[in-house]
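Novice: Here you go, query.cif (mmCIF, C-alpha atoms and all ligand atoms; chains and numbers go by the auth columns):
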data_coords
loop_
_atom_site.group_PDB
_atom_site.id
_atom_site.type_symbol
_atom_site.label_atom_id
_atom_site.label_comp_id
_atom_site.label_asym_id
_atom_site.label_seq_id
_atom_site.Cartn_x
_atom_site.Cartn_y
_atom_site.Cartn_z
_atom_site.B_iso_or_equiv
_atom_site.auth_seq_id
_atom_site.auth_asym_id
ATOM 1 C CA MET A 1 0.000 0.000 0.000 0.00 224 A
ATOM 2 C CA ALA A 2 0.861 3.564 -0.340 0.00 225 A
ATOM 3 C CA SER A 3 -0.539 5.393 2.668 0.00 226 A
ATOM 4 C CA ALA A 4 -4.278 6.114 2.699 0.00 227 A
ATOM 5 C CA LEU A 5 -3.796 9.851 2.745 0.00 228 A
ATOM 6 C CA SER A 6 -1.651 9.744 -0.383 0.00 229 A
ATOM 7 C CA HIS A 7 -4.307 7.734 -2.190 0.00 230 A
ATOM 8 C CA GLY A 8 -6.788 10.473 -1.246 0.00 231 A
ATOM 9 C CA VAL A 9 -4.453 13.158 -2.536 0.00 232 A
ATOM 10 C CA VAL A 10 -4.322 11.432 -5.911 0.00 233 A
ATOM 11 C CA ALA A 11 -8.125 11.284 -5.982 0.00 234 A
ATOM 12 C CA LEU A 12 -8.185 15.045 -5.441 0.00 235 A
ATOM 13 C CA GLY A 13 -5.600 15.548 -8.198 0.00 236 A
ATOM 14 C CA ILE A 14 -7.744 13.522 -10.600 0.00 237 A
ATOM 15 C CA GLY A 15 -10.799 15.400 -9.333 0.00 238 A
ATOM 16 C CA ALA A 16 -9.223 18.657 -10.444 0.00 239 A
ATOM 17 C CA CYS A 17 -9.559 17.408 -14.022 0.00 240 A
ATOM 18 C CA PHE A 18 -13.306 17.017 -13.516 0.00 241 A
ATOM 19 C CA TYR A 19 -13.804 20.178 -11.537 0.00 242 A
ATOM 20 C CA GLY A 20 -16.545 22.581 -12.467 0.00 243 A
ATOM 21 C CA PRO A 21 -18.111 25.425 -10.558 0.00 244 A
ATOM 22 C CA GLY A 22 -21.024 24.252 -8.446 0.00 245 A
ATOM 23 C CA VAL A 23 -20.041 20.589 -8.219 0.00 246 A
ATOM 24 C CA PRO A 24 -20.962 19.575 -4.652 0.00 247 A
ATOM 25 C CA LYS A 25 -17.990 18.912 -2.367 0.00 248 A
ATOM 26 C CA ARG A 26 -19.313 15.494 -1.499 0.00 249 A
ATOM 27 C CA VAL A 27 -18.367 14.353 -5.011 0.00 250 A
ATOM 28 C CA TRP A 28 -14.690 14.933 -4.201 0.00 251 A
ATOM 29 C CA VAL A 29 -15.099 13.399 -0.754 0.00 252 A
ATOM 30 C CA ALA A 30 -16.645 10.337 -2.409 0.00 253 A
ATOM 31 C CA GLY A 31 -13.683 10.207 -4.822 0.00 254 A
ATOM 32 C CA MET A 32 -11.241 10.182 -1.910 0.00 255 A
ATOM 33 C CA PHE A 33 -13.299 7.485 -0.266 0.00 256 A
ATOM 34 C CA CYS A 34 -13.134 5.412 -3.486 0.00 257 A
ATOM 35 C CA SER A 35 -9.349 5.732 -3.592 0.00 258 A
ATOM 36 C CA MET A 36 -8.951 4.418 -0.045 0.00 259 A
ATOM 37 C CA ILE A 37 -11.491 1.577 -0.074 0.00 260 A
ATOM 38 C CA PRO A 38 -9.311 -1.076 -1.788 0.00 261 A
ATOM 39 C CA ASP A 39 -7.034 -1.361 1.257 0.00 262 A
ATOM 40 C CA PHE A 40 -9.886 -2.550 3.427 0.00 263 A
ATOM 41 C CA ASP A 41 -8.818 -5.946 2.130 0.00 264 A
ATOM 42 C CA VAL A 42 -6.156 -5.994 4.869 0.00 265 A
ATOM 43 C CA ILE A 43 -8.978 -7.017 7.208 0.00 266 A
ATOM 44 C CA GLY A 44 -8.610 -10.410 5.565 0.00 267 A
ATOM 45 C CA PHE A 45 -5.260 -10.938 7.333 0.00 268 A
ATOM 46 C CA ARG A 46 -7.187 -11.279 10.593 0.00 269 A
ATOM 47 C CA PHE A 47 -9.254 -14.042 9.127 0.00 270 A
ATOM 48 C CA GLY A 48 -6.344 -16.103 7.913 0.00 271 A
ATOM 49 C CA ILE A 49 -6.487 -14.930 4.317 0.00 272 A
ATOM 50 C CA HIS A 50 -2.997 -14.801 2.842 0.00 273 A
ATOM 51 C CA TYR A 51 -1.528 -11.898 0.915 0.00 274 A
ATOM 52 C CA GLY A 52 -1.402 -13.798 -2.363 0.00 275 A
ATOM 53 C CA ASP A 53 -4.945 -15.201 -2.135 0.00 276 A
ATOM 54 C CA PHE A 54 -7.854 -14.184 -4.333 0.00 277 A
ATOM 55 C CA TRP A 55 -9.278 -12.166 -1.418 0.00 278 A
ATOM 56 C CA GLY A 56 -5.787 -11.294 -0.182 0.00 279 A
ATOM 57 C CA HIS A 57 -4.208 -7.857 -0.004 0.00 280 A
ATOM 58 C CA ARG A 58 -3.880 -6.211 -3.449 0.00 281 A
ATOM 59 C CA GLY A 59 -6.181 -8.887 -4.837 0.00 282 A
ATOM 60 C CA LEU A 60 -9.734 -8.445 -6.082 0.00 283 A
ATOM 61 C CA THR A 61 -10.320 -5.071 -4.392 0.00 284 A
ATOM 62 C CA HIS A 62 -7.393 -3.613 -6.331 0.00 285 A
ATOM 63 C CA SER A 63 -8.673 -4.800 -9.719 0.00 286 A
ATOM 64 C CA LEU A 64 -10.108 -2.731 -12.549 0.00 287 A
ATOM 65 C CA LEU A 65 -13.378 -4.636 -12.320 0.00 288 A
ATOM 66 C CA PHE A 66 -13.693 -3.695 -8.655 0.00 289 A
ATOM 67 C CA ALA A 67 -13.060 -0.050 -9.607 0.00 290 A
ATOM 68 C CA ALA A 68 -15.917 -0.210 -12.105 0.00 291 A
ATOM 69 C CA LEU A 69 -18.233 -1.866 -9.582 0.00 292 A
ATOM 70 C CA LEU A 70 -17.355 0.560 -6.796 0.00 293 A
ATOM 71 C CA ALA A 71 -17.866 3.557 -9.110 0.00 294 A
ATOM 72 C CA SER A 72 -21.303 2.216 -10.054 0.00 295 A
ATOM 73 C CA THR A 73 -22.199 1.507 -6.424 0.00 296 A
ATOM 74 C CA VAL A 74 -21.164 4.964 -5.237 0.00 297 A
ATOM 75 C CA MET A 75 -23.241 6.526 -8.019 0.00 298 A
ATOM 76 C CA PHE A 76 -26.207 4.351 -7.140 0.00 299 A
ATOM 77 C CA VAL A 77 -26.025 4.970 -3.406 0.00 300 A
ATOM 78 C CA GLY A 78 -24.907 8.573 -3.253 0.00 301 A
ATOM 79 C CA PHE A 79 -25.595 10.276 -6.553 0.00 302 A
ATOM 80 C CA ARG A 80 -28.807 8.995 -8.018 0.00 303 A
ATOM 81 C CA ARG A 81 -29.816 12.508 -8.899 0.00 304 A
ATOM 82 C CA VAL A 82 -27.589 14.447 -11.254 0.00 305 A
ATOM 83 C CA ALA A 83 -25.216 16.705 -9.361 0.00 306 A
ATOM 84 C CA PRO A 84 -24.879 20.241 -10.679 0.00 307 A
ATOM 85 C CA GLY A 85 -21.790 20.853 -12.790 0.00 308 A
ATOM 86 C CA LEU A 86 -20.960 17.203 -13.484 0.00 309 A
ATOM 87 C CA THR A 87 -23.024 14.849 -15.637 0.00 310 A
ATOM 88 C CA ARG A 88 -23.333 11.160 -14.939 0.00 311 A
ATOM 89 C CA LEU A 89 -20.702 9.662 -17.255 0.00 312 A
ATOM 90 C CA PRO A 90 -17.851 11.977 -16.228 0.00 313 A
ATOM 91 C CA MET A 91 -18.803 11.403 -12.612 0.00 314 A
ATOM 92 C CA TRP A 92 -18.640 7.639 -13.068 0.00 315 A
ATOM 93 C CA VAL A 93 -15.311 7.974 -14.872 0.00 316 A
ATOM 94 C CA TYR A 94 -14.012 10.086 -11.999 0.00 317 A
ATOM 95 C CA PHE A 95 -14.996 7.508 -9.374 0.00 318 A
ATOM 96 C CA PHE A 96 -13.558 4.736 -11.543 0.00 319 A
ATOM 97 C CA LEU A 97 -10.236 6.522 -12.004 0.00 320 A
ATOM 98 C CA ALA A 98 -10.055 7.470 -8.325 0.00 321 A
ATOM 99 C CA THR A 99 -10.477 3.811 -7.359 0.00 322 A
ATOM 100 C CA ALA A 100 -8.245 2.420 -10.106 0.00 323 A
ATOM 101 C CA SER A 101 -5.492 4.918 -9.247 0.00 324 A
ATOM 102 C CA HIS A 102 -5.091 3.027 -5.978 0.00 325 A
ATOM 103 C CA GLY A 103 -3.939 -0.141 -7.735 0.00 326 A
ATOM 104 C CA PHE A 104 -1.627 1.769 -10.045 0.00 327 A
ATOM 105 C CA LEU A 105 0.006 3.515 -7.110 0.00 328 A
ATOM 106 C CA ASP A 106 0.457 0.220 -5.290 0.00 329 A
ATOM 107 C CA ALA A 107 1.948 -1.278 -8.442 0.00 330 A
ATOM 108 C CA MET A 108 4.582 1.462 -8.326 0.00 331 A
ATOM 109 C CA THR A 109 5.714 0.601 -4.790 0.00 332 A
ATOM 110 C CA ASP A 110 8.881 -1.318 -4.123 0.00 333 A
ATOM 111 C CA GLY A 111 7.506 -3.995 -1.832 0.00 334 A
ATOM 112 C CA GLY A 112 4.861 -6.590 -1.123 0.00 335 A
ATOM 113 C CA LEU A 113 3.193 -8.531 -3.885 0.00 336 A
ATOM 114 C CA GLY A 114 1.991 -6.907 -7.078 0.00 337 A
ATOM 115 C CA VAL A 115 -1.568 -5.904 -7.904 0.00 338 A
ATOM 116 C CA ALA A 116 -4.191 -8.254 -9.355 0.00 339 A
ATOM 117 C CA PHE A 117 -5.432 -5.753 -11.927 0.00 340 A
ATOM 118 C CA PHE A 118 -7.377 -8.377 -13.864 0.00 341 A
ATOM 119 C CA SER A 119 -8.921 -10.293 -10.974 0.00 342 A
ATOM 120 C CA PRO A 120 -11.233 -12.260 -10.940 0.00 343 A
ATOM 121 C CA PHE A 121 -10.239 -13.401 -14.433 0.00 344 A
ATOM 122 C CA ASP A 122 -6.539 -13.558 -13.760 0.00 345 A
ATOM 123 C CA ASN A 123 -5.125 -13.498 -10.252 0.00 346 A
ATOM 124 C CA HIS A 124 -1.586 -12.764 -11.424 0.00 347 A
ATOM 125 C CA ARG A 125 0.004 -9.931 -9.458 0.00 348 A
ATOM 126 C CA TYR A 126 1.547 -7.157 -11.494 0.00 349 A
ATOM 127 C CA PHE A 127 3.995 -4.363 -10.794 0.00 350 A
ATOM 128 C CA LEU A 128 4.551 -1.499 -13.198 0.00 351 A
ATOM 129 C CA PRO A 129 8.018 -1.513 -14.765 0.00 352 A
ATOM 130 C CA TRP A 130 8.873 1.501 -12.617 0.00 353 A
ATOM 131 C CA THR A 131 8.561 1.260 -8.827 0.00 354 A
ATOM 132 C CA PRO A 132 9.937 4.439 -7.238 0.00 355 A
ATOM 133 C CA ILE A 133 7.505 4.607 -4.283 0.00 356 A
ATOM 134 C CA ARG A 134 8.704 3.158 -0.976 0.00 357 A
ATOM 135 C CA VAL A 135 6.081 0.713 0.230 0.00 358 A
ATOM 136 C CA SER A 136 4.156 1.911 3.269 0.00 359 A
ATOM 137 C CA PRO A 137 3.971 -0.329 6.341 0.00 360 A
ATOM 138 C CA ILE A 138 0.566 -1.874 6.919 0.00 361 A
ATOM 139 C CA GLY A 139 -1.019 -0.381 10.044 0.00 362 A
ATOM 140 C CA VAL A 140 -0.784 3.156 11.386 0.00 363 A
ATOM 141 C CA GLY A 141 1.302 2.285 14.447 0.00 364 A
ATOM 142 C CA ARG A 142 4.264 1.218 12.388 0.00 365 A
ATOM 143 C CA PHE A 143 4.082 4.323 10.271 0.00 366 A
ATOM 144 C CA PHE A 144 5.711 6.589 12.848 0.00 367 A
ATOM 145 C CA THR A 145 9.201 5.195 12.547 0.00 368 A
ATOM 146 C CA ASP A 146 12.279 6.049 10.512 0.00 369 A
ATOM 147 C CA ARG A 147 10.949 3.872 7.794 0.00 370 A
ATOM 148 C CA GLY A 148 7.670 5.783 7.936 0.00 371 A
ATOM 149 C CA LEU A 149 9.589 9.001 7.365 0.00 372 A
ATOM 150 C CA ALA A 150 11.347 7.557 4.327 0.00 373 A
ATOM 151 C CA VAL A 151 7.971 6.431 2.996 0.00 374 A
ATOM 152 C CA LEU A 152 6.534 9.889 3.539 0.00 375 A
ATOM 153 C CA GLN A 153 9.420 11.491 1.671 0.00 376 A
ATOM 154 C CA SER A 154 9.047 9.180 -1.288 0.00 377 A
ATOM 155 C CA GLU A 155 5.266 9.691 -1.343 0.00 378 A
ATOM 156 C CA LEU A 156 5.635 13.469 -1.273 0.00 379 A
ATOM 157 C CA LEU A 157 8.003 13.278 -4.216 0.00 380 A
ATOM 158 C CA TRP A 158 6.307 10.608 -6.312 0.00 381 A
ATOM 159 C CA ILE A 159 2.641 11.042 -5.385 0.00 382 A
ATOM 160 C CA TRP A 160 1.858 14.439 -3.869 0.00 383 A
ATOM 161 C CA ALA A 161 4.005 16.471 -6.253 0.00 384 A
ATOM 162 C CA PRO A 162 2.644 14.823 -9.437 0.00 385 A
ATOM 163 C CA ALA A 163 -0.926 15.086 -8.071 0.00 386 A
ATOM 164 C CA ALA A 164 -0.417 18.803 -7.418 0.00 387 A
ATOM 165 C CA LEU A 165 1.085 19.191 -10.880 0.00 388 A
ATOM 166 C CA LEU A 166 -1.905 17.430 -12.415 0.00 389 A
ATOM 167 C CA ALA A 167 -4.311 19.703 -10.539 0.00 390 A
ATOM 168 C CA LEU A 168 -2.345 22.780 -11.570 0.00 391 A
ATOM 169 C CA SER A 169 -2.294 21.709 -15.235 0.00 392 A
ATOM 170 C CA ALA A 170 -6.041 21.048 -15.177 0.00 393 A
ATOM 171 C CA TRP A 171 -6.601 24.491 -13.689 0.00 394 A
ATOM 172 C CA LEU A 172 -4.385 26.196 -16.275 0.00 395 A
ATOM 173 C CA ILE A 173 -6.038 24.363 -19.165 0.00 396 A
ATOM 174 C CA ARG A 174 -9.486 25.301 -17.866 0.00 397 A
ATOM 175 C CA ARG A 175 -8.478 28.922 -17.706 0.00 398 A
ATOM 176 C CA ARG A 176 -7.300 28.833 -21.303 0.00 399 A
ATOM 177 C CA VAL A 177 -10.401 27.041 -22.546 0.00 400 A
ATOM 178 C CA ALA A 178 -12.872 29.236 -20.684 0.00 401 A
ATOM 179 C CA PRO A 179 -11.276 32.606 -20.022 0.00 402 A
ATOM 180 C CA SER A 180 -13.218 34.616 -17.506 0.00 403 A
ATOM 181 C CA THR A 181 -15.086 37.525 -19.009 0.00 404 A
HETATM 182 ZN ZN ZN B . -3.575 -0.993 -1.673 0.00 1 B
#
I need this file expressed as structure tokens, please.

Specialist:
Amino acid sequence: MASALSHGVVALGIGACFYGPGVPKRVWVAGMFCSMIPDFDVIGFRFGIHYGDFWGHRGLTHSLLFAALLASTVMFVGFRRVAPGLTRLPMWVYFFLATASHGFLDAMTDGGLGVAFFSPFDNHRYFLPWTPIRVSPIGVGRFFTDRGLAVLQSELLWIWAPAALLALSAWLIRRRVAPST
């Protein structure tokens, strides 16, 4: 895992690309929620599920299919009526990308097993060819150590900075496309 907060930051960065005036804040909160949900699979460790199992960490909940299902569920539960400023398809795409970004981030970490992007069809665990992000320890308690600090540094560099850059680019492009009168 990358840390939960960093997953949320990425969701906000992606959200900046979908931003429009009047979009309710709960859309972005829901996006952050989507980006953090996949790691709830660590609960499985308590029930004897192993890391590499189908239900194991970075398994089904980190797959693209899960991202599609979660996006649909969040729309169904929280956004049945059209929100102002964001139509249904872009909203679904936003929730999908926010969730899927989790797996991609994990696949760029330097530890653990890879991500089962294509579960349930293929339980193979994948890493991206480039894994610059230090893997975050599982559990908050272990985060506040020297290793936690190293993780934080690598996440600031490889996650927060690109997310901020993405948000800034989206903002600049929007200004060019729709200059204020
Ligand atoms: Zn994860």

Novice: I'd like the neighbourhood of A:Ala386 as a ChimeraX atom specification, where a residue qualifies if any of its atoms comes within 12 Å (using all atoms listed in the file), though same-chain residues fewer than 6 positions away should be ignored.

Specialist: /A:229-240,321,324,328,378-380,392-393

Novice: Keeping only C-alpha atoms, write the selected residues as a PDB file, in the frame of the given file.

Specialist:
ATOM      1  CA  SER A 229      -1.651   9.744  -0.383  1.00  0.00           C
ATOM      2  CA  HIS A 230      -4.307   7.734  -2.190  1.00  0.00           C
ATOM      3  CA  GLY A 231      -6.788  10.473  -1.246  1.00  0.00           C
ATOM      4  CA  VAL A 232      -4.453  13.158  -2.536  1.00  0.00           C
ATOM      5  CA  VAL A 233      -4.322  11.432  -5.911  1.00  0.00           C
ATOM      6  CA  ALA A 234      -8.125  11.284  -5.982  1.00  0.00           C
ATOM      7  CA  LEU A 235      -8.185  15.045  -5.441  1.00  0.00           C
ATOM      8  CA  GLY A 236      -5.600  15.548  -8.198  1.00  0.00           C
ATOM      9  CA  ILE A 237      -7.744  13.522 -10.600  1.00  0.00           C
ATOM     10  CA  GLY A 238     -10.799  15.400  -9.333  1.00  0.00           C
ATOM     11  CA  ALA A 239      -9.223  18.657 -10.444  1.00  0.00           C
ATOM     12  CA  CYS A 240      -9.559  17.408 -14.022  1.00  0.00           C
ATOM     13  CA  ALA A 321     -10.055   7.470  -8.325  1.00  0.00           C
ATOM     14  CA  SER A 324      -5.492   4.918  -9.247  1.00  0.00           C
ATOM     15  CA  LEU A 328       0.006   3.515  -7.110  1.00  0.00           C
ATOM     16  CA  GLU A 378       5.266   9.691  -1.343  1.00  0.00           C
ATOM     17  CA  LEU A 379       5.635  13.469  -1.273  1.00  0.00           C
ATOM     18  CA  LEU A 380       8.003  13.278  -4.216  1.00  0.00           C
ATOM     19  CA  SER A 392      -2.294  21.709 -15.235  1.00  0.00           C
ATOM     20  CA  ALA A 393      -6.041  21.048 -15.177  1.00  0.00           C
TER      21      ALA A 393
END

Novice: Take the PyMOL selection byres (((chain A and resi 301) around 12) and not hetatm), run it mentally on this structure, and tell me the resulting residues as a PDB file with C-alpha atoms, keeping the file's coordinate frame.

Specialist:
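So selection-v5.pdb came out as:
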ATOM      1  CA  PRO A 247     -20.962  19.575  -4.652  1.00  0.00           C
ATOM      2  CA  ARG A 249     -19.313  15.494  -1.499  1.00  0.00           C
ATOM      3  CA  VAL A 250     -18.367  14.353  -5.011  1.00  0.00           C
ATOM      4  CA  VAL A 252     -15.099  13.399  -0.754  1.00  0.00           C
ATOM      5  CA  ALA A 253     -16.645  10.337  -2.409  1.00  0.00           C
ATOM      6  CA  GLY A 254     -13.683  10.207  -4.822  1.00  0.00           C
ATOM      7  CA  LEU A 293     -17.355   0.560  -6.796  1.00  0.00           C
ATOM      8  CA  ALA A 294     -17.866   3.557  -9.110  1.00  0.00           C
ATOM      9  CA  SER A 295     -21.303   2.216 -10.054  1.00  0.00           C
ATOM     10  CA  THR A 296     -22.199   1.507  -6.424  1.00  0.00           C
ATOM     11  CA  VAL A 297     -21.164   4.964  -5.237  1.00  0.00           C
ATOM     12  CA  MET A 298     -23.241   6.526  -8.019  1.00  0.00           C
ATOM     13  CA  PHE A 299     -26.207   4.351  -7.140  1.00  0.00           C
ATOM     14  CA  VAL A 300     -26.025   4.970  -3.406  1.00  0.00           C
ATOM     15  CA  PHE A 302     -25.595  10.276  -6.553  1.00  0.00           C
ATOM     16  CA  ARG A 303     -28.807   8.995  -8.018  1.00  0.00           C
ATOM     17  CA  ARG A 304     -29.816  12.508  -8.899  1.00  0.00           C
ATOM     18  CA  VAL A 305     -27.589  14.447 -11.254  1.00  0.00           C
ATOM     19  CA  ALA A 306     -25.216  16.705  -9.361  1.00  0.00           C
ATOM     20  CA  MET A 314     -18.803  11.403 -12.612  1.00  0.00           C
ATOM     21  CA  TRP A 315     -18.640   7.639 -13.068  1.00  0.00           C
ATOM     22  CA  PHE A 318     -14.996   7.508  -9.374  1.00  0.00           C
TER      23      PHE A 318
END

Novice: Report as CSV: every residue of chain A with an atom at most 6 Å from ligand ZN 1 (chain B), its closest pair of atoms, and their distance in Å to one decimal, counting all atoms listed in the file, with rows sorted by chain and ascending residue number.

Specialist:
residue,atom,partner,partner_atom,distance
A:Met224,CA,B:ZN1,ZN,4.1
A:Pro261,CA,B:ZN1,ZN,5.7
A:Asp262,CA,B:ZN1,ZN,4.5
A:Arg281,CA,B:ZN1,ZN,5.5
A:Asp329,CA,B:ZN1,ZN,5.6

Novice: Suppose you want the space between atom CA of A:Pro355 and atom CA of A:Gly335; what is it in Å?

Specialist: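 Interatomic distance here is 13.6 Å.
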
Novice: Name the closest residue to A:Lys248 among the candidates A:Gly371, A:Pro385, A:Pro307, A:Gly279; distances are taken between atoms, counting all atoms listed in the file.

Specialist: A:Pro307

Novice: Report the distance between atom CA of A:Ala390 and atom CA of A:Arg311 in Å, rounded to one decimal place.

Specialist: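 If I compute the distance from atom CA of A:Ala390 to atom CA of A:Arg311, I get 21.3 Å.
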
Novice: Hey, can you check how far atom CA of A:Leu388 sits from atom CA of A:Leu351?

Specialist: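 Pair atom CA of A:Leu388 / atom CA of A:Leu351 returns 21.1 Å.
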
Novice: Keeping N, CA and C atoms, write stretch 366-379 of chain A of the structure just shown out as a CSV table (one decimal), in the first residue's frame.

Specialist:
chain,number,residue,atom,x,y,z
A,366,PHE,N,3.8,3.3,11.2
A,366,PHE,CA,4.1,4.3,10.3
A,366,PHE,C,5.0,5.4,10.9
A,367,PHE,N,4.9,5.5,12.2
A,367,PHE,CA,5.7,6.6,12.8
A,367,PHE,C,7.1,6.1,13.3
A,368,THR,N,7.8,5.7,12.3
A,368,THR,CA,9.2,5.2,12.5
A,368,THR,C,10.1,5.8,11.5
A,369,ASP,N,11.4,5.5,11.5
A,369,ASP,CA,12.3,6.0,10.5
A,369,ASP,C,11.8,5.6,9.1
A,370,ARG,N,11.4,4.4,9.1
A,370,ARG,CA,10.9,3.9,7.8
A,370,ARG,C,9.7,4.6,7.3
A,371,GLY,N,8.9,5.0,8.3
A,371,GLY,CA,7.7,5.8,7.9
A,371,GLY,C,8.1,7.1,7.3
A,372,LEU,N,9.1,7.7,7.9
A,372,LEU,CA,9.6,9.0,7.4
A,372,LEU,C,10.1,8.9,5.9
A,373,ALA,N,10.8,7.8,5.7
A,373,ALA,CA,11.3,7.6,4.3
A,373,ALA,C,10.2,7.4,3.4
A,374,VAL,N,9.2,6.7,3.8
A,374,VAL,CA,8.0,6.4,3.0
A,374,VAL,C,7.3,7.8,2.7
A,375,LEU,N,7.2,8.6,3.7
A,375,LEU,CA,6.5,9.9,3.5
A,375,LEU,C,7.3,10.7,2.5
A,376,GLN,N,8.6,10.7,2.6
A,376,GLN,CA,9.4,11.5,1.7
A,376,GLN,C,9.2,11.0,0.2
A,377,SER,N,9.2,9.7,0.1
A,377,SER,CA,9.0,9.2,-1.3
A,377,SER,C,7.6,9.4,-1.8
A,378,GLU,N,6.6,9.4,-0.9
A,378,GLU,CA,5.3,9.7,-1.3
A,378,GLU,C,5.1,11.2,-1.7
A,379,LEU,N,5.7,12.0,-0.9
A,379,LEU,CA,5.6,13.5,-1.3
A,379,LEU,C,6.2,13.7,-2.7
